[in-house]
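Asker: This is the content of start.cif (mmCIF, C-alpha atoms and all ligand atoms):
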```cif
data_data
loop_
_atom_site.label_atom_id
_atom_site.label_comp_id
_atom_site.auth_asym_id
_atom_site.auth_seq_id
_atom_site.Cartn_x
_atom_site.Cartn_y
_atom_site.Cartn_z
CA MET A 1438 12.19 -18.45 19.44
CA GLY A 1439 9.24 -18.69 21.74
CA THR A 1440 6.02 -17.25 20.48
CA GLY A 1441 4.27 -16.76 23.77
CA LYS A 1442 1.33 -18.33 21.98
CA ASP A 1443 0.44 -20.74 24.71
CA SER A 1444 0.92 -18.49 27.65
CA VAL A 1445 -1.25 -15.53 26.75
CA ASP A 1446 -4.97 -15.91 26.21
CA GLY A 1447 -7.19 -13.52 24.25
CA ALA A 1448 -7.93 -11.11 27.11
CA GLY A 1449 -4.34 -11.13 28.24
CA ARG A 1450 -3.20 -10.31 24.75
CA ARG A 1451 -5.42 -7.28 24.54
CA ALA A 1452 -4.17 -5.94 27.83
CA PHE A 1453 -0.61 -6.67 26.87
CA LEU A 1454 -0.79 -4.87 23.54
CA ALA A 1455 -2.74 -1.92 24.85
CA THR A 1456 -0.01 -1.35 27.38
CA ALA A 1457 2.93 -2.17 25.21
CA CYS A 1458 1.95 -0.03 22.27
CA GLY A 1459 0.07 2.78 23.86
CA VAL A 1460 -2.56 2.42 21.20
CA GLY A 1461 -5.27 0.59 23.04
CA ALA A 1462 -8.08 1.66 20.74
CA GLY A 1463 -8.49 -0.64 17.81
CA LEU A 1464 -6.51 -3.47 19.23
CA MET A 1465 -9.39 -5.78 19.91
CA LEU A 1466 -7.80 -9.01 18.88
CA ALA A 1467 -10.25 -11.85 18.88
CA SER A 1468 -9.58 -15.09 20.59
CA LYS A 1469 -7.71 -17.57 18.49
CA THR A 1470 -9.58 -19.24 15.72
CA ALA A 1471 -8.74 -22.53 14.18
CA SER A 1472 -5.94 -22.40 11.68
CA ALA A 1473 -6.64 -22.29 8.02
CA VAL A 1474 -8.46 -24.94 6.14
CA ALA A 1475 -8.72 -25.79 2.45
CA LEU A 1476 -10.03 -23.14 0.04
CA ALA A 1477 -6.53 -22.16 -0.92
CA THR A 1478 -6.26 -20.38 -4.21
CA ASN A 1479 -2.62 -19.50 -3.74
CA GLU A 1480 -3.12 -16.88 -6.39
CA THR A 1481 -0.91 -14.41 -4.64
CA ARG A 1482 1.70 -16.85 -3.46
CA ALA A 1483 4.68 -16.05 -5.59
CA THR A 1484 8.01 -17.78 -5.66
CA PRO A 1485 10.34 -14.97 -4.64
CA LYS A 1486 13.00 -14.38 -7.24
CA THR A 1487 14.67 -11.73 -5.17
CA PRO A 1488 17.44 -12.30 -2.62
CA GLU A 1489 16.53 -13.12 0.93
CA PRO A 1490 15.39 -10.11 2.93
CA ARG A 1491 17.82 -8.05 4.91
CA GLY A 1492 17.22 -8.26 8.64
CA ASP A 1493 19.62 -7.49 11.44
CA GLU A 1494 19.79 -3.97 10.05
CA GLU A 1495 18.03 -1.14 11.82
CA PRO A 1496 15.28 0.04 9.52
CA SER A 1497 15.62 3.69 8.61
CA THR A 1498 12.82 6.11 9.37
CA ARG A 1499 13.54 7.70 6.01
CA GLY A 1500 12.94 6.40 2.52
CA THR A 1501 14.15 7.59 -0.84
CA LEU A 1502 12.25 7.57 -4.12
CA ARG A 1503 14.86 8.91 -6.55
CA SER A 1504 15.14 12.62 -5.63
CA LEU A 1505 12.36 12.47 -3.03
CA GLU A 1506 13.13 12.07 0.67
CA VAL A 1507 10.12 10.60 2.45
CA SER A 1508 9.23 9.10 5.79
CA ALA A 1509 9.73 5.32 5.62
CA ILE A 1510 5.97 4.94 6.09
CA GLY A 1511 3.48 7.22 4.38
CA LEU A 1512 -0.23 7.87 4.75
CA GLY A 1513 -2.77 6.65 2.22
CA CYS A 1514 -5.38 9.39 1.80
CA MET A 1515 -7.94 7.26 -0.01
CA ASN A 1516 -9.87 5.78 2.89
CA MET A 1517 -11.03 9.10 4.27
CA VAL A 1518 -13.16 9.64 1.14
CA ARG A 1519 -13.36 6.33 -0.73
CA SER A 1520 -13.59 2.55 -0.31
CA ASN A 1521 -14.20 2.37 3.45
CA PRO A 1522 -17.29 4.43 4.41
CA PRO A 1523 -18.41 6.24 6.45
CA PHE A 1524 -16.07 8.97 5.28
CA LEU A 1525 -14.43 11.76 7.21
CA SER A 1526 -15.66 15.32 7.49
CA ARG A 1527 -13.29 18.03 6.29
CA GLU A 1528 -12.34 18.88 9.89
CA ASP A 1529 -11.57 15.27 10.78
CA ALA A 1530 -9.57 14.75 7.60
CA LEU A 1531 -7.50 17.87 8.29
CA PHE A 1532 -6.88 16.72 11.83
CA LEU A 1533 -5.87 13.24 10.67
CA ILE A 1534 -3.36 14.50 8.12
CA ARG A 1535 -1.85 17.10 10.44
CA ASP A 1536 -1.63 14.62 13.28
CA ALA A 1537 0.14 12.18 10.97
CA TYR A 1538 2.67 14.90 10.17
CA GLU A 1539 3.14 15.59 13.88
CA HIS A 1540 3.96 11.90 14.29
CA GLY A 1541 6.64 11.78 11.64
CA ILE A 1542 4.73 11.08 8.43
CA THR A 1543 5.94 13.24 5.53
CA PHE A 1544 4.66 11.21 2.58
CA PHE A 1545 1.01 11.56 1.58
CA ASP A 1546 -0.66 9.51 -1.12
CA SER A 1547 -3.70 10.78 -2.97
CA ALA A 1548 -5.34 10.41 -6.40
CA GLN A 1549 -7.65 12.39 -8.61
CA VAL A 1550 -10.26 9.67 -8.31
CA TYR A 1551 -10.34 9.53 -4.49
CA GLY A 1552 -13.64 11.15 -3.60
CA GLU A 1553 -13.62 12.79 -7.04
CA GLY A 1554 -10.90 15.19 -5.97
CA GLN A 1555 -11.91 15.54 -2.33
CA SER A 1556 -8.87 13.69 -1.04
CA GLU A 1557 -6.61 16.10 -2.94
CA SER A 1558 -8.59 19.07 -1.62
CA PHE A 1559 -8.36 17.92 1.99
CA LEU A 1560 -4.71 17.09 1.63
CA GLY A 1561 -3.85 20.43 0.03
CA GLU A 1562 -5.59 22.34 2.78
CA ALA A 1563 -4.12 20.27 5.59
CA ILE A 1564 -0.50 20.57 4.51
CA LYS A 1565 -0.58 24.24 3.54
CA PRO A 1566 1.25 25.34 6.72
CA PHE A 1567 4.09 22.90 6.08
CA ARG A 1568 3.90 22.22 2.32
CA ASP A 1569 7.65 22.37 1.76
CA ASN A 1570 8.30 19.74 4.43
CA VAL A 1571 6.20 16.99 2.87
CA ILE A 1572 6.04 14.94 -0.29
CA VAL A 1573 2.71 14.90 -2.10
CA ALA A 1574 1.85 12.07 -4.45
CA THR A 1575 -1.21 11.90 -6.65
CA LYS A 1576 -2.39 9.88 -9.64
CA PHE A 1577 -4.23 10.33 -12.92
CA GLY A 1578 -6.05 7.95 -15.22
CA TYR A 1579 -8.22 5.63 -13.14
CA THR A 1580 -11.76 6.81 -13.89
CA PRO A 1581 -11.81 7.63 -16.68
CA ARG A 1582 -8.96 5.32 -17.55
CA ASP A 1583 -7.55 7.90 -19.87
CA SER A 1584 -3.84 8.56 -20.16
CA ARG A 1585 -3.84 10.57 -23.36
CA PRO A 1586 -1.26 13.33 -22.95
CA GLN A 1587 -3.83 16.10 -23.33
CA HIS A 1588 -5.98 14.52 -20.63
CA ILE A 1589 -2.96 14.19 -18.33
CA ARG A 1590 -2.10 17.86 -18.81
CA GLU A 1591 -5.66 19.02 -18.12
CA THR A 1592 -6.22 16.90 -15.05
CA VAL A 1593 -2.84 17.76 -13.56
CA GLU A 1594 -3.84 21.44 -13.70
CA GLN A 1595 -6.99 20.52 -11.74
CA SER A 1596 -4.96 18.53 -9.22
CA LEU A 1597 -2.63 21.48 -8.67
CA VAL A 1598 -5.59 23.70 -7.89
CA ARG A 1599 -7.10 21.20 -5.44
CA LEU A 1600 -3.74 20.51 -3.81
CA LYS A 1601 -3.13 24.27 -3.51
CA THR A 1602 0.43 23.91 -4.69
CA ASP A 1603 2.50 24.80 -7.72
CA HIS A 1604 4.02 21.33 -8.05
CA ILE A 1605 3.22 17.67 -7.47
CA ASP A 1606 6.18 15.81 -6.02
CA LEU A 1607 5.25 12.40 -7.39
CA LEU A 1608 2.75 11.90 -10.20
CA TYR A 1609 1.64 8.36 -10.93
CA GLN A 1610 -0.30 6.86 -13.77
CA HIS A 1611 -3.01 5.11 -11.73
CA ARG A 1612 -3.64 2.24 -14.14
CA VAL A 1613 -1.93 1.27 -17.36
CA ASP A 1614 -4.04 2.49 -20.27
CA PRO A 1615 -4.43 -0.19 -22.95
CA GLN A 1616 -5.14 2.52 -25.54
CA VAL A 1617 -2.13 4.78 -25.01
CA PRO A 1618 1.49 3.69 -25.43
CA ILE A 1619 3.33 4.09 -22.14
CA GLU A 1620 6.04 5.98 -24.04
CA ASP A 1621 3.51 8.74 -24.76
CA VAL A 1622 2.46 8.81 -21.11
CA ALA A 1623 6.07 9.01 -19.94
CA GLY A 1624 6.75 11.75 -22.48
CA ALA A 1625 3.80 13.80 -21.23
CA VAL A 1626 4.99 13.51 -17.63
CA GLN A 1627 8.53 14.34 -18.73
CA ASP A 1628 7.20 17.60 -20.20
CA LEU A 1629 5.43 18.40 -16.92
CA ILE A 1630 8.68 17.77 -15.08
CA ALA A 1631 10.49 20.13 -17.46
CA GLN A 1632 7.85 22.76 -16.71
CA GLY A 1633 8.38 22.37 -12.96
CA LYS A 1634 4.82 21.17 -12.34
CA VAL A 1635 5.89 17.66 -11.39
CA ARG A 1636 9.07 16.41 -9.73
CA GLU A 1637 8.98 12.64 -10.24
CA PHE A 1638 7.08 10.04 -12.28
CA GLY A 1639 5.42 6.90 -10.94
CA LEU A 1640 3.37 3.93 -12.16
CA SER A 1641 0.69 1.96 -10.37
CA GLU A 1642 -0.25 -1.69 -10.84
CA ALA A 1643 2.30 -1.90 -13.62
CA GLY A 1644 4.26 -4.98 -14.61
CA GLN A 1645 7.88 -5.13 -15.58
CA GLY A 1646 7.33 -4.75 -19.32
CA THR A 1647 5.58 -1.44 -18.83
CA ILE A 1648 7.98 -0.28 -16.13
CA ARG A 1649 10.98 -0.85 -18.37
CA ARG A 1650 9.42 0.89 -21.34
CA ALA A 1651 8.36 3.89 -19.26
CA HIS A 1652 11.70 4.13 -17.49
CA ALA A 1653 13.53 4.30 -20.82
CA VAL A 1654 11.66 7.53 -21.64
CA CYS A 1655 11.31 9.19 -18.25
CA PRO A 1656 13.02 7.77 -15.15
CA VAL A 1657 10.44 6.16 -12.87
CA ALA A 1658 10.84 7.06 -9.20
CA ALA A 1659 8.24 4.72 -7.74
CA VAL A 1660 5.94 1.83 -8.60
CA GLN A 1661 2.84 1.60 -6.44
CA ASN A 1662 1.49 -1.95 -6.49
CA GLU A 1663 -0.30 -4.03 -3.90
CA TYR A 1664 2.23 -5.80 -1.72
CA SER A 1665 1.94 -7.05 1.81
CA PHE A 1666 2.60 -9.97 4.10
CA TRP A 1667 -0.25 -11.96 2.54
CA ASP A 1668 -0.02 -10.70 -1.03
CA ARG A 1669 3.35 -11.52 -2.54
CA PHE A 1670 2.48 -11.01 -6.16
CA ALA A 1671 4.92 -8.08 -6.47
CA GLU A 1672 7.72 -10.55 -5.82
CA VAL A 1673 7.12 -12.33 -9.11
CA GLU A 1674 8.64 -9.63 -11.27
CA VAL A 1675 8.11 -6.11 -9.96
CA LEU A 1676 10.28 -6.15 -6.84
CA GLY A 1677 13.30 -7.40 -8.78
CA THR A 1678 12.69 -4.92 -11.59
CA CYS A 1679 12.54 -2.03 -9.13
CA LYS A 1680 15.73 -3.18 -7.49
CA GLU A 1681 17.54 -3.48 -10.80
CA LEU A 1682 16.42 -0.08 -12.06
CA GLY A 1683 16.76 1.85 -8.79
CA ILE A 1684 13.01 2.46 -8.51
CA GLY A 1685 11.14 2.71 -5.22
CA LEU A 1686 8.31 0.27 -4.46
CA VAL A 1687 5.33 1.79 -2.66
CA PRO A 1688 3.09 -1.03 -1.43
CA TRP A 1689 -0.60 -0.27 -1.23
CA SER A 1690 -2.86 -2.20 1.13
CA PRO A 1691 0.19 -2.95 3.29
CA VAL A 1692 -1.91 -3.86 6.33
CA GLY A 1693 -4.18 -6.19 4.39
CA LYS A 1694 -7.07 -3.72 4.09
CA GLY A 1695 -7.54 -3.91 7.83
CA PHE A 1696 -7.30 -7.68 8.13
CA PHE A 1697 -3.96 -7.78 9.92
CA SER A 1698 -5.34 -5.81 12.85
CA GLY A 1699 -7.34 -8.87 13.91
CA ASP A 1700 -10.48 -6.74 14.07
CA ILE A 1701 -12.13 -8.46 11.12
CA HIS A 1702 -14.13 -11.62 11.79
CA PRO A 1703 -16.37 -13.85 9.69
CA ALA A 1704 -19.36 -11.97 11.12
CA THR A 1705 -17.94 -8.49 10.50
CA PHE A 1706 -20.53 -6.25 8.87
CA PHE A 1707 -19.09 -4.16 6.07
CA HIS A 1708 -20.86 -0.97 5.11
CA PRO A 1709 -22.93 -1.51 1.91
CA GLN A 1710 -20.48 0.66 -0.04
CA ASP A 1711 -17.34 -0.84 1.46
CA ASN A 1712 -15.14 -2.14 -1.37
CA ARG A 1713 -14.17 -5.20 0.59
CA ARG A 1714 -17.63 -6.63 0.04
CA SER A 1715 -16.61 -7.43 -3.52
CA HIS A 1716 -13.27 -9.00 -2.56
CA PRO A 1717 -13.30 -12.80 -2.36
CA ARG A 1718 -10.67 -12.58 0.37
CA PHE A 1719 -13.19 -10.83 2.59
CA SER A 1720 -15.91 -13.47 2.28
CA ALA A 1721 -16.79 -15.03 5.61
CA GLU A 1722 -15.18 -18.32 4.51
CA ALA A 1723 -11.93 -16.68 3.48
CA ILE A 1724 -11.78 -14.55 6.62
CA ARG A 1725 -12.18 -17.70 8.69
CA ALA A 1726 -9.62 -19.61 6.67
CA ASN A 1727 -7.04 -16.80 6.68
CA ARG A 1728 -7.31 -16.04 10.36
CA GLY A 1729 -4.07 -17.84 11.10
CA ILE A 1730 -2.10 -15.22 9.15
CA VAL A 1731 -3.01 -12.69 11.82
CA GLU A 1732 -1.89 -15.18 14.44
CA VAL A 1733 1.53 -15.40 12.79
CA LEU A 1734 1.92 -11.63 13.00
CA PHE A 1735 0.37 -11.46 16.42
CA ASP A 1736 2.62 -14.12 17.91
CA LEU A 1737 5.81 -12.37 16.88
CA GLY A 1738 4.29 -9.08 18.00
CA LEU A 1739 3.93 -10.45 21.50
CA THR A 1740 7.64 -10.92 21.79
CA LYS A 1741 8.41 -7.59 20.13
CA LYS A 1742 5.86 -5.46 22.01
CA ALA A 1743 4.34 -4.59 18.66
CA THR A 1744 0.92 -4.96 17.09
CA PRO A 1745 0.30 -7.30 14.14
CA ASN A 1746 0.00 -4.31 11.81
CA GLN A 1747 3.34 -3.03 13.01
CA ILE A 1748 4.94 -6.41 12.39
CA ALA A 1749 3.46 -6.53 8.88
CA LEU A 1750 4.79 -3.03 8.13
CA ALA A 1751 8.17 -3.73 9.70
CA TRP A 1752 8.40 -6.90 7.57
CA LEU A 1753 8.00 -4.72 4.47
CA LEU A 1754 10.54 -2.17 5.69
CA HIS A 1755 13.10 -4.92 6.27
CA ARG A 1756 12.43 -6.50 2.89
CA GLU A 1757 14.25 -3.87 0.86
CA GLU A 1758 15.34 -0.35 1.70
CA PHE A 1759 13.53 1.08 -1.31
CA ILE A 1760 10.13 -0.08 -0.03
CA VAL A 1761 7.87 2.67 1.37
CA PRO A 1762 4.43 1.39 2.45
CA ILE A 1763 1.42 3.70 2.62
CA PRO A 1764 -1.16 2.29 5.05
CA GLY A 1765 -4.51 4.04 4.87
CA SER A 1766 -6.61 4.95 7.87
CA LYS A 1767 -9.31 7.29 9.06
CA ASN A 1768 -8.29 6.88 12.67
CA PRO A 1769 -5.45 9.01 14.09
CA LEU A 1770 -4.63 6.35 16.68
CA HIS A 1771 -4.19 3.80 13.92
CA VAL A 1772 -2.00 6.21 11.97
CA ARG A 1773 0.21 6.68 15.03
CA GLU A 1774 0.34 2.95 15.55
CA ASN A 1775 1.38 2.42 11.94
CA ALA A 1776 4.03 5.14 12.18
CA GLY A 1777 5.35 3.27 15.22
CA ALA A 1778 6.36 0.42 12.91
CA MET A 1779 9.33 2.53 11.83
CA ALA A 1780 10.84 1.75 15.24
CA VAL A 1781 10.28 -2.01 15.11
CA HIS A 1782 13.48 -3.89 14.44
CA LEU A 1783 13.30 -7.47 13.21
CA SER A 1784 16.25 -9.83 13.25
CA ALA A 1785 17.09 -12.09 10.32
CA GLU A 1786 15.80 -15.04 12.38
CA GLU A 1787 12.50 -13.32 13.06
CA ILE A 1788 12.03 -12.51 9.40
CA ALA A 1789 12.87 -16.08 8.46
CA GLU A 1790 10.34 -17.31 11.00
CA LEU A 1791 7.65 -15.06 9.51
CA ASN A 1792 8.47 -16.23 6.01
CA ASP A 1793 8.53 -19.89 6.99
CA LYS A 1794 5.15 -19.63 8.63
CA PHE A 1795 3.75 -17.78 5.65
CA SER A 1796 5.11 -20.38 3.23
CA ALA A 1797 3.26 -23.09 5.10
CA TYR A 1798 0.05 -21.15 5.03
CA PRO A 1799 -2.50 -21.31 2.21
CA ILE A 1800 -4.14 -17.94 1.58
CA SER A 1801 -7.79 -18.12 0.61
CA GLY A 1802 -9.61 -15.90 -1.83
CA ALA A 1803 -8.53 -13.56 -4.61
CA ARG A 1804 -7.39 -10.17 -3.36
CA GLY A 1805 -9.87 -8.07 -5.38
CA SER A 1806 -12.99 -8.15 -7.50
CA LYS A 1807 -12.82 -9.52 -11.05
CA GLN A 1808 -13.40 -6.01 -12.30
CA SER A 1809 -10.48 -4.49 -10.41
CA GLU A 1810 -8.19 -7.44 -11.13
CA ALA A 1811 -8.76 -6.95 -14.86
CA LEU A 1812 -7.02 -3.57 -14.61
CA ARG A 1813 -3.74 -5.09 -13.45
CA ASP A 1814 -0.85 -4.96 -15.84
CA ASP A 1815 1.45 -7.31 -13.96
CA GLY A 1816 -0.45 -10.38 -14.99
CA ALA A 1817 -3.17 -12.05 -13.00
CA ARG A 1818 -1.59 -15.35 -13.92
CA PHE A 1819 2.05 -14.72 -13.24
CA GLY A 1820 3.38 -12.59 -16.00
CA THR A 1821 1.14 -13.59 -18.85
CA ARG A 1822 0.48 -9.98 -19.71
CA THR A 1823 4.13 -9.08 -19.78
CA GLN A 1824 5.06 -11.64 -22.39
CA GLU A 1825 7.62 -10.22 -24.79
CA GLY A 1826 8.26 -7.51 -22.26
CA LYS A 1827 5.35 -5.48 -23.54
CA GLY A 1828 2.75 -5.34 -20.80
CA MET A 1829 -0.78 -4.13 -21.35
CA SER A 1830 0.26 -0.90 -23.02
CA PRO A 1831 0.17 -0.87 -26.86
CA TRP A 1832 3.37 -0.29 -28.77
CA PRO A 1833 3.83 3.21 -30.14
CA SER A 1834 2.93 3.44 -33.81
CA ARG A 1835 6.59 4.02 -34.73
CA HIS A 1836 7.53 0.61 -33.23
N1 LIG M 1901 -2.52 2.52 -6.43
C1 LIG M 1901 -3.65 1.90 -6.21
O1 LIG M 1901 -4.27 1.37 -7.11
C2 LIG M 1901 -4.17 1.84 -4.81
C3 LIG M 1901 -5.22 0.95 -4.48
C4 LIG M 1901 -5.68 0.95 -3.17
C5 LIG M 1901 -5.11 1.79 -2.23
N2 LIG M 1901 -4.11 2.64 -2.59
C6 LIG M 1901 -3.47 3.55 -1.62
O2 LIG M 1901 -2.96 2.76 -0.56
C7 LIG M 1901 -3.51 3.20 0.69
C8 LIG M 1901 -3.71 2.02 1.62
O3 LIG M 1901 -4.41 0.97 0.98
P1 LIG M 1901 -5.77 0.34 1.55
O4 LIG M 1901 -6.52 1.34 2.26
O5 LIG M 1901 -6.40 -0.36 0.42
O6 LIG M 1901 -5.27 -0.81 2.51
P2 LIG M 1901 -4.55 -0.86 3.96
O7 LIG M 1901 -3.78 0.36 4.20
O8 LIG M 1901 -3.87 -2.17 3.99
O9 LIG M 1901 -5.78 -0.97 4.96
C9 LIG M 1901 -6.65 0.08 5.26
C10 LIG M 1901 -7.65 -0.46 6.26
O10 LIG M 1901 -6.95 -0.92 7.40
C11 LIG M 1901 -7.45 -0.30 8.57
N3 LIG M 1901 -6.29 0.02 9.40
C12 LIG M 1901 -5.17 0.70 9.05
N4 LIG M 1901 -4.32 0.78 10.08
C13 LIG M 1901 -4.92 0.14 11.11
C14 LIG M 1901 -4.54 -0.10 12.44
N5 LIG M 1901 -3.37 0.31 12.91
N6 LIG M 1901 -5.40 -0.80 13.23
C15 LIG M 1901 -6.59 -1.22 12.77
N7 LIG M 1901 -7.00 -1.03 11.50
C16 LIG M 1901 -6.17 -0.34 10.68
C17 LIG M 1901 -8.17 0.93 8.11
O11 LIG M 1901 -9.26 1.18 9.00
P3 LIG M 1901 -9.28 2.51 9.91
O12 LIG M 1901 -9.64 3.62 9.02
O13 LIG M 1901 -10.29 2.18 10.93
O14 LIG M 1901 -7.91 2.66 10.51
C18 LIG M 1901 -8.67 0.56 6.73
O15 LIG M 1901 -9.92 -0.07 6.79
C19 LIG M 1901 -4.79 3.93 0.29
O16 LIG M 1901 -5.18 4.89 1.28
C20 LIG M 1901 -4.41 4.58 -1.01
O17 LIG M 1901 -3.72 5.79 -0.77
C21 LIG M 1901 -3.65 2.67 -3.87
#
```
Starting from the coordinates I provided, produce the structure as structure tokens.
Ligand SMILES: NC(=O)c1ccc[n+]([C@@H]2O[C@H](COP(=O)([O-])OP(=O)(O)OC[C@H]3O[C@@H](n4cnc5c(N)ncnc54)[C@H](OP(=O)(O)O)[C@@H]3O)[C@@H](O)[C@H]2O)c1
Answerer:
Amino acid sequence: MGTGKDSVDGAGRRAFLATACGVGAGLMLASKTASAVALATNETRATPKTPEPRGDEEPSTRGTLRSLEVSAIGLGCMNMVRSNPPFLSREDALFLIRDAYEHGITFFDSAQVYGEGQSESFLGEAIKPFRDNVIVATKFGYTPRDSRPQHIRETVEQSLVRLKTDHIDLLYQHRVDPQVPIEDVAGAVQDLIAQGKVREFGLSEAGQGTIRRAHAVCPVAAVQNEYSFWDRFAEVEVLGTCKELGIGLVPWSPVGKGFFSGDIHPATFFHPQDNRRSHPRFSAEAIRANRGIVEVLFDLGLTKKATPNQIALAWLLHREEFIVPIPGSKNPLHVRENAGAMAVHLSAEEIAELNDKFSAYPISGARGSKQSEALRDDGARFGTRTQEGKGMSPWPSRH
């Protein structure tokens, strides 16, 4: 397949994409940089244990997370109040969420910790006119990392108030708590489900040991771990576990924290409070070295009339039908662009081409800070923490 790589220069590419996608803003792809050099850590390069991706099947615009029917792409509601300042005003956040809904998004991802409840408050207010038509997900237990049942019960009551609803559709544990057996966490959520306050249970950044233990107590509807074109760690154990157990996989950071857009350059200035400052993968050296990954997405996008972000999202959608990515954005045009990925069809050959190019490409820099990586349950070094199928969670005392 031709890539169009040689025939379209930087300026031509911009014009082409602005026309083809109708999302001119934010598509400022830089001219090509040299392909990657050295510095490879390969930390996130997993050997896929799962079958080859589908392809040649039209991706559905709908996803299913156990009993929950969602749009195949959701909206991450973190960025408007956390991680990527400057943050949105209430009015802009309401507009963003409602505009996303108008463009087919019915799955909204929040957390108690996002803006210390502000994300939940904005989301609750925005969706009030159409609450029954959307699926609301939120999470407990990040800061403080406290998953004691009493704490879960108390904070869920607070979430319900902020979300202005009588039930949370999908309630995740945000990070595995090394002090509280996952069985106790699952039991607490099970009680909330029985009371009608929660519909489904989810885990975030969990490894297979924890997922299996939780699922045995209360069926898990979704696991929300980082997973994207350049971060394949979920393929080591979590993707296969989800498939086996009928659990949805909700990839966070599915557009590479903004990197796949091509807008990020070695000289990009990140706001002093932007989380990416602490991520080795967003050092100037890593950005330079990883630039070719955007080229891979961009080149296929040229032939598909799609942006690199859309290709990256479509790649996830074609991977498995139970994958529902939640790109985050503060920009309505970007949200529309991302929603447009639901209409991008990739053939088996195109997916193979993407995977081949990725396999040949060394990714530089760890995905997150040492501090945030330490909270992962799925093993920073390929499963070490899930030895004996236990994960980071302690065994219950009765074990
Ligand atoms: N469970 C967890 O532990 C966890 C951790 C992190 C995030 N999350 C969830 O996952 C969501 C997404 O993750 P993320 O924000 O880390 O990563 P992401 O979705 O991969 O990337 C977000 C970044 O990409 C940019 N972006 C998005 N779409 C774009 C487009 N079409 N064109 C240009 N730039 C675009 C955004 O900037 P603009 O605002 O300018 O569009 C933002 O800076 C969050 O909102 C949150 O709900 C969960």
Asker: Check every protein, DNA and RNA residue against ligand LIG 1901 (chain M), keep those with an atom at most 7 Å away (counting only C-alpha atoms and all ligand atoms), and present them as a ChimeraX atom specification.
Answerer: /A:1463-1464,1512-1516,1521,1546-1547,1611,1641-1642,1661-1662,1689-1696,1698,1700,1746,1763-1768,1771-1772,1774-1775
Asker: Tell me which of A:Glu1722, A:Glu1672, A:Glu1637, A:Asp1711 sits closest to A:Ile1684, counting only C-alpha atoms.
Answerer: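 Looking at the shortest contact to A:Ile1684, the residue is A:Glu1637.
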Asker: Return as JSON the centre and edge lengths, in Å with one decimal, of the box along x, y and z that encloses every atom of stretch 1563-1581 of chain A in the file, padded by 5 Å per side.
Answerer:
```
{"center_x": -1.8, "center_y": 15.5, "center_z": -5.0, "size_x": 30.1, "size_y": 29.7, "size_z": 33.4}
```
Asker: Please provide as a ChimeraX atom specification all residues within 10 Å of A:Pro1618, with the sequence filter that same-chain residues fewer than 4 positions apart are discarded (counting only C-alpha atoms).
Answerer: /A:1584-1585,1613-1614,1622-1623,1647,1650-1651,1829-1834
Asker: Between A:Ala1721, A:Ala1778, A:Leu1770, A:Ile1701, single out the one closest to A:Asp1536, counting only C-alpha atoms.
Answerer: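 Smallest separation from A:Asp1536 among the options: A:Leu1770.
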Asker: Using only C-alpha atoms, which protein or nucleic acid residues come within 7 Å of stretch 1525-1533 of chain A? Drop anything in the same chain fewer than 4 positions from it, and give the result as a PyMOL selection string.
Answerer: chain A and resi 1517-1518+1537+1559+1563+1769
Asker: A:Leu1607, A:Val1593, A:Val1550, A:Ser1558: which is nearest A:Ala1574, counting all atoms listed in the file?
Answerer: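 Smallest distance to A:Ala1574 is found for A:Leu1607.
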Asker: Applying 12 Å and only C-alpha atoms, which residues near A:Pro1586 remain after dropping the ones on its own chain fewer than 6 positions away? List them as a ChimeraX atom specification.
Answerer: /A:1577-1578,1592-1593,1610,1614,1616-1629
Asker: Could you tell me which of A:Thr1744, A:Phe1707, A:Ala1811, A:Ser1806 comes closest to A:Val1781 if we count all atoms listed in the file?
Answerer: A:Thr1744
Asker: So, counting only C-alpha atoms, which residue among A:Ile1648, A:Leu1608, A:Val1731, A:Leu1750 is closest to A:Ser1665?
Answerer: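 Once distances to A:Ser1665 are computed over only C-alpha atoms, the minimum belongs to A:Leu1750.
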Asker: For stretch 1713-1720 of chain A, please output as a list in words all residues within 10 Å (counting only C-alpha atoms; exclusion window: fewer than 4 positions along the same chain).
Answerer: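 After dropping sequence-adjacent residues, the list is Ser1520, Asn1521, Gly1693, Lys1694, Gly1695, Phe1696, Ile1701, His1702, Pro1703, Ala1704, Thr1705, Phe1706, Phe1707, His1708, Pro1709, Ile1724, Arg1725, Ala1726, Asn1727, Ile1800, Ser1801, Gly1802, Ala1803, Arg1804, Gly1805, Ser1806, Lys1807, Gln1808 and Ser1809 of chain A.
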Asker: Determine the nearest neighbour of A:Cys1679 from the options A:Gln1595, A:Gln1555, A:Gln1645, A:Asn1712, counting all atoms listed in the file.
Answerer: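 Residue with the minimum atom-to-atom distance to A:Cys1679: A:Gln1645.
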Asker: Could you check how far atom CA of A:Gly1646 sits from atom CA of A:Asp1814, in Å to one decimal?
Answerer: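 Rounded to one decimal, the two atoms are 8.9 Å apart.
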Asker: What is the atom CA of A:Asn1792 to atom CA of A:Trp1667 distance in Å?
Answerer: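 Spanning atom CA of A:Asn1792 to atom CA of A:Trp1667 is a straight-line distance of 10.3 Å.
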Asker: Find the distance between atom CA of A:Val1654 and atom CA of A:Ile1630 and write it in Å to one decimal.
Answerer: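 Distance reported for this atom pair: 12.5 Å.
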Asker: Within 8 Å of A:Lys1601, counting all atoms listed in the file, which residues qualify if same-chain residues fewer than 3 places away don't, as a list in words?
Answerer: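 That gives Ser1558, Gly1561, Glu1562, Lys1565, Leu1597 and Val1598 of chain A.
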